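For reference, the structure discussed in these notes is given below.
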Amino acid sequence: MICAVSARTQDWADIEFGIAEGVDCIALSFVNDANDIKQLKAYLSRRSLEHIKVFAKIESLESLKNLKDIIEASDGVMVARGDLGVQIPLEQIPAIQESIVKLCRHLNKPVIVASQLLESMVEYPTPTRAEVADVSEAVRQYADAVMLSAESAIGAYPQKALSVLRAASERMESWSREENMQKLLPRHQLAIALPDRISEQICSCAVEMANNLAVDAIFVYTKHGHMASLLSRNRPNPPIFAFTDNANSRKSMNLYWGVIPLHLPLSNSMEDNFNKTISLMRSKGSVKPGDTVLVVSDSDLNQPCAATSVFQSIQVRLVE
């Protein structure tokens, strides 16, 4: 659940309301620089509410000027094209949207494309062709999520709008896999410290293996979602099933591209975790005998913090 607020004084009451309602994410409006994000995150930290993610809504000229710093300070970004279109020439919005999506993927932060995706469906049961193309373009750019606003909040056809959004997204994702578009994505080194660089390389290699071997699924066992995010960053062809024993991590991973998070108890034994999760996914019909699964795991799932372990592993397993 996402709560959209601004950092103005009168909106701190809305933040408190969202906290009381148990929101998973706060999308902060009117963000001009990284300090706006840091102020809210510091406030949440003092309340021991670090599990609530803070997203920056990019909707002003000032936010574009400080874009990289804002993204680095945030847990993710929302491209709020409605308000952004008031401040910049309309013809610039498509290119700016694509540049924001690319930078977020480079910095390993989830990005949501929002506002007026299917605006005509506020009143009508079918969208325009241009709106379907707009949704498809956001998916082609590998945005982590696309979000309805007025279409579902006050629209006359909210369920139909969601069905159209899902159908258009799934078709473009299917086309991207068929054309192997993932190979065209540039890869940039993000990490600096050795353990983080190891994690990054393992996940990059895992995705390359998964695509080259045409495996049916990727399983990742993660405490805080870091390994799942690194796999997602590379946009693999097979689905990523991310298993965690942390309920907050499961919720946050819902925003990662291609990740299907599941909450269940995990041990430090890779074999025990694999057998348990294979049984679970077979019962759900997500994998079947004869399928190939690529497995990625930290060596120690009981680490007290989000720091990555130096020892991690990749396995390719056959479902029996």
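Ordering of the structure tokens sets the chain letters (A, B, ...); residue numbers start at 1 within each chain; ligands are numbered from 1 in the order shown.
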Can you tell me which residues surround Leu28 of chain A at a distance of at most 12 Å, considering only C-alpha atoms, apart from same-chain residues fewer than 3 positions away, and format the answer as a ChimeraX atom specification? /A:2-8,11-12,14-15,25,31-41,53-59,63,70,74-80
Close residues, Gln159 of chain A itself excluded, 12 Å, only C-alpha atoms, min 5 positions apart in chain, as a tab-separated table (two decimals) with N, CA and C atoms, in the first residue's frame:
chain	number	residue	atom	x	y	z
A	121	MET	N	-10.38	5.99	-19.92
A	121	MET	CA	-11.20	4.98	-19.26
A	121	MET	C	-11.79	5.48	-17.94
A	122	VAL	N	-11.51	6.71	-17.58
A	122	VAL	CA	-12.25	7.33	-16.49
A	122	VAL	C	-13.73	7.41	-16.87
A	125	PRO	N	-15.42	2.67	-21.57
A	125	PRO	CA	-15.00	1.29	-21.25
A	125	PRO	C	-13.81	0.79	-22.04
A	126	THR	N	-13.39	1.52	-23.07
A	126	THR	CA	-12.23	1.09	-23.85
A	126	THR	C	-11.24	2.25	-23.96
A	148	LEU	N	-2.16	3.01	-12.24
A	148	LEU	CA	-3.38	3.76	-12.55
A	148	LEU	C	-3.62	4.80	-11.46
A	151	GLU	N	-8.13	6.54	-13.12
A	151	GLU	CA	-8.85	5.42	-13.76
A	151	GLU	C	-9.45	4.47	-12.73
A	152	SER	N	-8.71	4.23	-11.64
A	152	SER	CA	-9.20	3.30	-10.62
A	152	SER	C	-9.77	4.02	-9.40
A	153	ALA	N	-9.36	5.29	-9.19
A	153	ALA	CA	-9.82	6.02	-8.00
A	153	ALA	C	-11.23	6.57	-8.17
A	154	ILE	N	-11.49	7.19	-9.34
A	154	ILE	CA	-12.82	7.79	-9.55
A	154	ILE	C	-13.44	7.35	-10.87
A	164	VAL	N	-7.02	-4.01	-18.94
A	164	VAL	CA	-6.32	-3.49	-20.11
A	164	VAL	C	-4.84	-3.26	-19.79
A	165	LEU	N	-4.58	-2.69	-18.62
A	165	LEU	CA	-3.21	-2.44	-18.20
A	165	LEU	C	-2.42	-3.73	-18.13
A	166	ARG	N	-3.02	-4.76	-17.54
A	166	ARG	CA	-2.35	-6.05	-17.41
A	166	ARG	C	-2.11	-6.69	-18.79
I need the residues in segment 129-301 of chain A that are alpha helix (DSSP H) according to DSSP; give them as an MDAnalysis selection string. chainID A and resid 129:140 150:153 158:178 194:213 226:233 247:253 270:284
Using only C-alpha atoms, which residue out of A:Gln189, A:Asn254, A:Asn237, A:Ser204 lies closest to Arg177 of chain A?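 When distances to Arg177 of chain A are compared using only C-alpha atoms, the smallest one comes from A:Asn237.
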Name all residues at most 6 Å from Val296 of chain A (count only C-alpha atoms; drop same-chain ones fewer than 6 positions away) and give them as a count of residues only. 3
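For the residues A:Asn108, A:Gln141, A:Thr277, A:Gln92, ranking by smallest atom-to-atom distance to Ser169 of chain A using only C-alpha atoms places A:Gln141 first.
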Quick one: of A:Arg235, A:His224, A:Arg129, A:Arg140, who's nearest to Arg250 of chain A, counting only C-alpha atoms? A:His224
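Every protein, DNA or RNA residue with an atom at most 7 Å from segment 280-291 of chain A, where only C-alpha atoms count and chain neighbours fewer than 3 positions away do not, is listed here: Asp216, Lys276, Thr277, Leu318, Val319 and Glu320 of chain A.
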So that I have them on file, write out the residues from the current selection with C-alpha atoms, as an mmCIF file, in the first residue's frame.
data_model
loop_
_atom_site.group_PDB
_atom_site.id
_atom_site.type_symbol
_atom_site.label_atom_id
_atom_site.label_comp_id
_atom_site.auth_asym_id
_atom_site.auth_seq_id
_atom_site.Cartn_x
_atom_site.Cartn_y
_atom_site.Cartn_z
ATOM 1 C CA ASP A 216 12.131 -22.131 -16.441
ATOM 2 C CA LYS A 276 10.942 -26.983 0.716
ATOM 3 C CA THR A 277 10.456 -24.378 -1.975
ATOM 4 C CA LEU A 318 16.314 -30.157 -12.290
ATOM 5 C CA VAL A 319 12.818 -30.466 -10.821
ATOM 6 C CA GLU A 320 12.056 -34.142 -10.199
#
Distance criterion (only C-alpha atoms): nearest to Leu103 of chain A out of A:Ser115, A:Arg233, A:Glu21, A:Ala150: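 Under the stated criterion, the closest residue is A:Arg233.
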Which of segment 89-251 of chain A end up as strand (DSSP E) when DSSP is run on this backbone - answer as a PDB file with C-alpha atoms, in the first residue's frame?
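Contents of selection_29.pdb, as written:
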ATOM      1  CA  VAL A 111      10.650   3.019 -10.768  1.00  0.00           C
ATOM      2  CA  ILE A 112       6.904   3.462 -11.239  1.00  0.00           C
ATOM      3  CA  VAL A 113       5.463   5.198 -14.308  1.00  0.00           C
ATOM      4  CA  ALA A 114       2.192   6.894 -13.363  1.00  0.00           C
ATOM      5  CA  ALA A 145       5.618  -0.888 -12.422  1.00  0.00           C
ATOM      6  CA  VAL A 146       2.894   1.098 -14.153  1.00  0.00           C
ATOM      7  CA  MET A 147       0.205   2.675 -11.990  1.00  0.00           C
ATOM      8  CA  ALA A 217      12.584 -20.145 -13.213  1.00  0.00           C
ATOM      9  CA  ILE A 218      15.090 -18.430 -10.952  1.00  0.00           C
ATOM     10  CA  PHE A 219      14.919 -19.135  -7.214  1.00  0.00           C
ATOM     11  CA  VAL A 220      16.627 -16.690  -4.869  1.00  0.00           C
ATOM     12  CA  TYR A 221      16.825 -16.996  -1.074  1.00  0.00           C
ATOM     13  CA  ILE A 240      12.294 -14.661 -10.290  1.00  0.00           C
ATOM     14  CA  PHE A 241      10.792 -16.402  -7.252  1.00  0.00           C
ATOM     15  CA  ALA A 242      12.252 -14.673  -4.193  1.00  0.00           C
ATOM     16  CA  PHE A 243      11.924 -16.513  -0.872  1.00  0.00           C
ATOM     17  CA  THR A 244      12.381 -14.648   2.397  1.00  0.00           C
TER      18      THR A 244
END
If we count only C-alpha atoms, what is near Asn273 of chain A at a cut-off of 10 Å, once residues fewer than 4 positions away on the same chain are taken out, given as a ChimeraX atom specification? /A:221,243,264-269,277-278,297
Restricted to N, CA, C and O atoms, what would the selected residues look like written as a PDB file, in the first residue's frame?
ATOM      1  N   TYR A 221      17.106 -16.983  -2.512  1.00  0.00           N
ATOM      2  CA  TYR A 221      16.825 -16.996  -1.074  1.00  0.00           C
ATOM      3  C   TYR A 221      17.515 -15.781  -0.466  1.00  0.00           C
ATOM      4  O   TYR A 221      18.743 -15.643  -0.556  1.00  0.00           O
ATOM      5  N   PHE A 243      12.396 -15.956  -2.139  1.00  0.00           N
ATOM      6  CA  PHE A 243      11.924 -16.513  -0.872  1.00  0.00           C
ATOM      7  C   PHE A 243      12.618 -15.804   0.285  1.00  0.00           C
ATOM      8  O   PHE A 243      13.847 -15.671   0.304  1.00  0.00           O
ATOM      9  N   LEU A 264       8.277 -17.336   3.793  1.00  0.00           N
ATOM     10  CA  LEU A 264       8.275 -18.632   4.460  1.00  0.00           C
ATOM     11  C   LEU A 264       9.563 -18.782   5.260  1.00  0.00           C
ATOM     12  O   LEU A 264      10.552 -18.102   4.981  1.00  0.00           O
ATOM     13  N   PRO A 265       9.561 -19.668   6.269  1.00  0.00           N
ATOM     14  CA  PRO A 265      10.778 -19.853   7.077  1.00  0.00           C
ATOM     15  C   PRO A 265      11.912 -20.431   6.235  1.00  0.00           C
ATOM     16  O   PRO A 265      11.700 -21.306   5.393  1.00  0.00           O
ATOM     17  N   LEU A 266      13.122 -19.927   6.460  1.00  0.00           N
ATOM     18  CA  LEU A 266      14.303 -20.405   5.750  1.00  0.00           C
ATOM     19  C   LEU A 266      15.370 -20.823   6.746  1.00  0.00           C
ATOM     20  O   LEU A 266      15.421 -20.320   7.867  1.00  0.00           O
ATOM     21  N   SER A 267      16.239 -21.741   6.325  1.00  0.00           N
ATOM     22  CA  SER A 267      17.363 -22.165   7.155  1.00  0.00           C
ATOM     23  C   SER A 267      18.651 -21.826   6.422  1.00  0.00           C
ATOM     24  O   SER A 267      18.632 -21.318   5.302  1.00  0.00           O
ATOM     25  N   ASN A 268      19.785 -22.123   7.036  1.00  0.00           N
ATOM     26  CA  ASN A 268      21.068 -21.901   6.382  1.00  0.00           C
ATOM     27  C   ASN A 268      21.454 -23.044   5.456  1.00  0.00           C
ATOM     28  O   ASN A 268      22.505 -22.994   4.817  1.00  0.00           O
ATOM     29  N   SER A 269      20.615 -24.076   5.389  1.00  0.00           N
ATOM     30  CA  SER A 269      20.883 -25.216   4.520  1.00  0.00           C
ATOM     31  C   SER A 269      20.256 -24.985   3.153  1.00  0.00           C
ATOM     32  O   SER A 269      19.028 -24.921   3.024  1.00  0.00           O
ATOM     33  N   THR A 277      11.055 -25.304  -1.019  1.00  0.00           N
ATOM     34  CA  THR A 277      10.456 -24.378  -1.975  1.00  0.00           C
ATOM     35  C   THR A 277      10.033 -25.073  -3.273  1.00  0.00           C
ATOM     36  O   THR A 277       9.053 -24.660  -3.901  1.00  0.00           O
ATOM     37  N   ILE A 278      10.755 -26.113  -3.663  1.00  0.00           N
ATOM     38  CA  ILE A 278      10.330 -26.878  -4.845  1.00  0.00           C
ATOM     39  C   ILE A 278       8.972 -27.510  -4.586  1.00  0.00           C
ATOM     40  O   ILE A 278       8.067 -27.479  -5.440  1.00  0.00           O
ATOM     41  N   SER A 297      21.741 -17.995  -3.836  1.00  0.00           N
ATOM     42  CA  SER A 297      21.542 -17.855  -2.400  1.00  0.00           C
ATOM     43  C   SER A 297      22.732 -17.210  -1.722  1.00  0.00           C
ATOM     44  O   SER A 297      23.884 -17.394  -2.151  1.00  0.00           O
TER      45      SER A 297
END
